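Quick notes on the structure that follows.
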There are 2 protein chains.
Amino acid sequence: MNKSPNLQVCLSPDLFHLFSDRKSTVVVVDVLRATSSMCLAIENGIDEIIPVSTVEEALEYKNGKDFILAAERNGQMVKGFDFGNSPQQYQNTEELEGRTLVMTTTNGTKMINIAKEDHEVVIGSFLNITALVEWLTEKGKDVIICCSGWKGRFCLEDTLFAGALSAKLMGEGFHSDCDSVLASGRLYNASKKDLFQSLEDSSHRKRLSNLSTNDDVQLCLAHDLTTVIPVLQGNSLVADSKQSIVTK
Amino acid sequence: MNKSPNLQVCLSPDLFHLFSDRKSTVVVVDVLRATSSMCLAIENGIDEIIPVSTVEEALEYKNGKDFILAAERNGQMVKGFDFGNSPQQYQNTEELEGRTLVMTTTNGTKMINIAKEDHEVVIGSFLNITALVEWLTEKGKDVIICCSGWKGRFCLEDTLFAGALSAKLMGEGFHSDCDSVLASGRLYNASKKDLFQSLEDSSHRKRLSNLSTNDDVQLCLAHDLTTVIPVLQGNSLVADSKQSIVTK
């Protein structure tokens with residue numbers, strides 16, 4: 001019997017029904033830019049993140065003084081909100097310390113809310129990839145890496161991250177018979193020398209081809225700027241860490 | 001205004017709802033082995049193919065003398081049928097001449113029946129790839145290459161074919177802003193020197209790892225053994241050809 005944990009990659013939220021098994025840990029990936037911003041926000045002082053599916057739900061928190069409200073649709077900050085999903089906004093530690101971030105984005109928060117019904121949910125991005133590999137390996141549970149995509153469609157950047165994470169987990173003894181693991185790993189290998197360049201022709205870069213977004217993309221492709229693992233507890237993402245597993 | 005036709009790749013039947021536009025030509029791909037067998041069957045004398053979704057539907061044709069019944073489930077010929085989806089069975093010209101093939105397979109016939117509601121459907125495989133490129137280019141309509149996958153999941157072999165076909169169509173002036181076109185093209189480029197080897201770790205090869213299947217795989221990866229384009233007319237796939245477009 002093979003006791004090494006199983007690894008799968010789900011390339012779109014619209015395929016998640018084929019993977020849901022009520023036992024695997026789900027790594028939600030929305031590299032550009034939701035899950036990168038989440039990692040930075042918690043690393044830089046946010047106490048918890050409440051991911052909500054709609055702008056209306058986010059607005060219900062409007063007058064709470066401890067809340068920061070963030071909303072992105074179609075790549076842009078929604079009118080009336082102070083934050084979008086630009087990771088650069090979550091590098092200001094003073095404003096974030098001890099507050100709660102209520103966040104809705106086009107794809108990432110949708111994927112979280114689909115997965116959370118029956119699965120443990122953890123947030124992944126290049127920014128926390130090494131810490132995440134250690135955390136998942138130590139837990140030893142089966143893993144499904146779930147790409148948030150773009151409105152249900154396959155997207156290149158999340159798949160490249162899935163490939164990077166898969167390669168590291170397979171190196172730690174995970175096993176897989178999933179073609180999406182193979183394909184994402186091969187795509188990552190072909191691109192890892194210059195991830196930014198490899199996304200030049202991607203649909204995301206074509207949609208949002210202005211300078212500030214390029215700065216965001218560069219930041220989102222940086223490895224290991226954070227060590228905290230955002231995990232979903234109830235309806236909130238909070239910091240977990242490798243150490244905290246031991247005490248559970 | 002860009003008048004070059006648009007190209008998209010849909011990686012799974014379960015994502016087709018995101019692509020359906022009631023105007024594009026759909027290329028259905030099930031390289032291992034349904035659409036490869038269909039190309040060979042029509043090239044070698046079959047008059048028409050009736051793709052049906054269930055074994056029960058196929059059995060309704062059982063006592064017609066002009067019918068050949070073929071059924072595959074989970075990679076194997078269904079008990080009580082004379083044909084499965086092995087392409088080697090469709091290289092015998094005498095038995096096929098002038099007859100109608102009723103066929104049901106795990107994935108390919110399902111994809112056909114999803115797409116046919118609102119779209120022109122044509123069958124693609126490595127066996128007819130060059131003829132197909134000419135046919136699609138001459139028509140000049142938007143194209144969605146639809147991978148049949150495995151029970152809704154992404155599969156490597158169909159994606160590699162989608163990449164091969166995409167690369168050729170882009171070379172003929174098609175345009176695309178679809179990340180699945182980019183990714184499948186890159187995967188194909190990384191594998192084209194030895195497609196058989198590149199599928200060694202794929203889930204399909206792991207499921208069906210016996211010698212006769214390897215012969216099937218080799219045959220399905222051969223390029224341009226056929227020139228006929230199977231197109232859906234009503235509920236039947238019949239031969240079309242580049243020439244016939246001119247008279248329509």
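Labels for the structure tokens follow display order: chains A, B, ..., residues from 1 in each chain, ligands from 1.
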
Output as a PyMOL selection string all residues of stretch 156-193 of chain B that backbone DSSP marks as helix (DSSP H, G or I). chain B and resi 156-171+179-193

With only C-alpha atoms considered, list every residue of chain A at most 10 Å from chain B, as an NGL selection string. :A and (9-19 or 149-157 or 159-160 or 176-184 or 186-187 or 190-191 or 199 or 201-204 or 206-207)

I'd like the interatomic distance between atom CA of B:Tyr90 and atom CA of B:Ser37, to a tenth of an Å.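 Here the two named atoms are 6.4 Å from each other.
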
So that I can see what lies close to A:Asp82, please list as a list in words the residues with an atom at most 12 Å from it, counting only C-alpha atoms and leaving out residues fewer than 5 positions away in the same chain. Ala58, Leu59, Lys62, Phe67, Ile68, Leu69, Ala70, Ala71, Glu72, Gln76, Met77, Gln89, Tyr90, Glu95, Leu101, Val102 and Met103 of chain A

Those same residues, written as a compact mmCIF listing (two decimals), in the first residue's frame with N, CA and C atoms?
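Contents of result.txt, as written:
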# COMPACT_ATOMS: atom_id res chain seq x y z
N ALA A 58 -19.33 42.40 0.84
CA ALA A 58 -18.21 43.18 1.38
C ALA A 58 -18.71 44.48 1.98
N LEU A 59 -19.68 45.11 1.33
CA LEU A 59 -20.18 46.42 1.79
C LEU A 59 -20.92 46.32 3.13
N LYS A 62 -19.06 47.80 5.98
CA LYS A 62 -18.51 49.13 5.67
C LYS A 62 -18.20 49.99 6.88
N PHE A 67 -12.33 47.19 10.14
CA PHE A 67 -12.34 46.50 8.84
C PHE A 67 -11.66 47.32 7.75
N ILE A 68 -10.91 46.62 6.91
CA ILE A 68 -10.45 47.19 5.65
C ILE A 68 -11.22 46.46 4.55
N LEU A 69 -11.86 47.22 3.68
CA LEU A 69 -12.66 46.60 2.63
C LEU A 69 -11.92 46.63 1.29
N ALA A 70 -11.82 45.46 0.65
CA ALA A 70 -11.12 45.37 -0.63
C ALA A 70 -12.01 44.66 -1.64
N ALA A 71 -12.11 45.26 -2.83
CA ALA A 71 -12.93 44.64 -3.88
C ALA A 71 -12.29 44.85 -5.24
N GLU A 72 -12.20 43.77 -5.98
CA GLU A 72 -11.68 43.84 -7.35
C GLU A 72 -12.64 43.11 -8.27
N GLN A 76 -9.81 45.54 -11.81
CA GLN A 76 -9.74 46.89 -11.24
C GLN A 76 -10.40 46.98 -9.87
N MET A 77 -9.90 47.95 -9.07
CA MET A 77 -10.50 48.21 -7.77
C MET A 77 -11.93 48.72 -7.99
N GLN A 89 -0.41 47.23 -2.17
CA GLN A 89 -1.18 47.89 -1.11
C GLN A 89 -1.01 47.20 0.24
N TYR A 90 -0.58 45.95 0.19
CA TYR A 90 -0.49 45.18 1.44
C TYR A 90 0.94 45.10 1.97
N GLU A 95 -0.85 50.49 8.52
CA GLU A 95 -2.29 50.57 8.30
C GLU A 95 -2.99 49.23 8.55
N LEU A 101 -9.40 42.20 7.13
CA LEU A 101 -9.55 42.53 5.71
C LEU A 101 -10.74 41.75 5.15
N VAL A 102 -11.72 42.48 4.63
CA VAL A 102 -12.86 41.84 3.95
C VAL A 102 -12.61 41.98 2.45
N MET A 103 -12.54 40.87 1.75
CA MET A 103 -12.02 40.90 0.38
C MET A 103 -12.92 40.12 -0.58

Please, which residues of stretch 120-212 of chain B, numbered as in this document, come out strand (DSSP E or B) from DSSP, as a list of chain:residue names? B:Glu120, B:Val121, B:Val122, B:Ile123, B:Gly124, B:Val143, B:Ile144, B:Ile145, B:Cys146, B:Cys147, B:Trp150, B:Arg153, B:His175

How would the residues just chosen look if you wrote them out with C-alpha atoms as an mmCIF file, in the first residue's frame?
data_model
loop_
_atom_site.group_PDB
_atom_site.id
_atom_site.type_symbol
_atom_site.label_atom_id
_atom_site.label_comp_id
_atom_site.auth_asym_id
_atom_site.auth_seq_id
_atom_site.Cartn_x
_atom_site.Cartn_y
_atom_site.Cartn_z
ATOM 1 C CA GLU B 120 -20.694 22.527 -36.541
ATOM 2 C CA VAL B 121 -18.646 19.491 -35.443
ATOM 3 C CA VAL B 122 -15.594 18.041 -37.155
ATOM 4 C CA ILE B 123 -13.309 15.215 -36.022
ATOM 5 C CA GLY B 124 -9.602 15.742 -35.421
ATOM 6 C CA VAL B 143 -12.491 27.411 -34.230
ATOM 7 C CA ILE B 144 -12.755 25.800 -30.792
ATOM 8 C CA ILE B 145 -10.546 22.726 -30.364
ATOM 9 C CA CYS B 146 -12.317 20.573 -27.762
ATOM 10 C CA CYS B 147 -10.376 17.965 -25.830
ATOM 11 C CA TRP B 150 -11.023 11.436 -19.338
ATOM 12 C CA ARG B 153 -10.704 15.630 -16.496
ATOM 13 C CA HIS B 175 -5.426 34.687 -33.817
#

Counting only C-alpha atoms, the option among B:Glu56, B:Lys116, B:Phe81, B:Asn6 closest to B:Arg22: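 Smallest distance to B:Arg22 is found for B:Lys116.
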
Interatomic distance, atom CA of B:Leu225 to atom CA of B:Ser148 (Å, one decimal): 21.6 Å

Extract, using only C-alpha atoms, all DNA, RNA and protein residues at most 7 Å from A:Phe174, discarding same-chain residues fewer than 3 positions from it, and format them as a VMD selection string. chain A and resid 4 to 7 169 to 170

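In this model, the gap between atom CA of A:Val238 and atom CA of A:Phe196 comes to 29.4 Å.
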
Residues within 9 Å of A:Lys110, please, as a list in words. Count only C-alpha atoms; anything in the same chain fewer than 4 positions from it doesn't count.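 With the cut-off at 9 Å, the set is Pro13, Pro51, Val52, Ser53, Thr54, Thr104, Thr105, Thr106, Ile114, Ala115 and Ser148 of chain A.
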
Go ahead and dump the residues you just picked, C-alpha atoms, as a PDB file, in the first residue's frame.
ATOM      1  CA  PRO A  13     -13.081  26.108 -10.334  1.00  0.00           C
ATOM      2  CA  PRO A  51     -13.176  36.283   1.712  1.00  0.00           C
ATOM      3  CA  VAL A  52     -16.658  37.039   0.365  1.00  0.00           C
ATOM      4  CA  SER A  53     -18.165  36.238  -3.026  1.00  0.00           C
ATOM      5  CA  THR A  54     -19.952  39.506  -3.818  1.00  0.00           C
ATOM      6  CA  THR A 104     -13.889  40.011  -2.798  1.00  0.00           C
ATOM      7  CA  THR A 105     -12.154  39.315  -6.120  1.00  0.00           C
ATOM      8  CA  THR A 106     -13.210  38.024  -9.537  1.00  0.00           C
ATOM      9  CA  ILE A 114     -16.432  26.575  -3.504  1.00  0.00           C
ATOM     10  CA  ALA A 115     -13.697  24.551  -1.803  1.00  0.00           C
ATOM     11  CA  SER A 148      -8.744  29.973  -9.689  1.00  0.00           C
TER      12      SER A 148
END

Contact residues around B:Ile229 with only C-alpha atoms at 8 Å, ignoring same-chain residues under 3 positions, as a PyMOL selection string: chain B and resi 39+122-124+128+131-132+135+239-241

Take the residues just selected and output them with C-alpha atoms as an mmCIF file, in the first residue's frame.
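Wrote it out as part15.cif, contents follow:
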data_model
loop_
_atom_site.group_PDB
_atom_site.id
_atom_site.type_symbol
_atom_site.label_atom_id
_atom_site.label_comp_id
_atom_site.auth_asym_id
_atom_site.auth_seq_id
_atom_site.Cartn_x
_atom_site.Cartn_y
_atom_site.Cartn_z
ATOM 1 C CA CYS B 39 -10.698 8.986 -39.116
ATOM 2 C CA VAL B 122 -15.594 18.041 -37.155
ATOM 3 C CA ILE B 123 -13.309 15.215 -36.022
ATOM 4 C CA GLY B 124 -9.602 15.742 -35.421
ATOM 5 C CA ASN B 128 -5.823 13.781 -40.397
ATOM 6 C CA ALA B 131 -5.960 17.850 -44.146
ATOM 7 C CA LEU B 132 -7.825 19.364 -41.190
ATOM 8 C CA TRP B 135 -10.028 22.491 -44.389
ATOM 9 C CA ALA B 239 -16.717 12.272 -45.112
ATOM 10 C CA ASP B 240 -16.121 15.839 -46.172
ATOM 11 C CA SER B 241 -13.076 17.033 -48.010
#
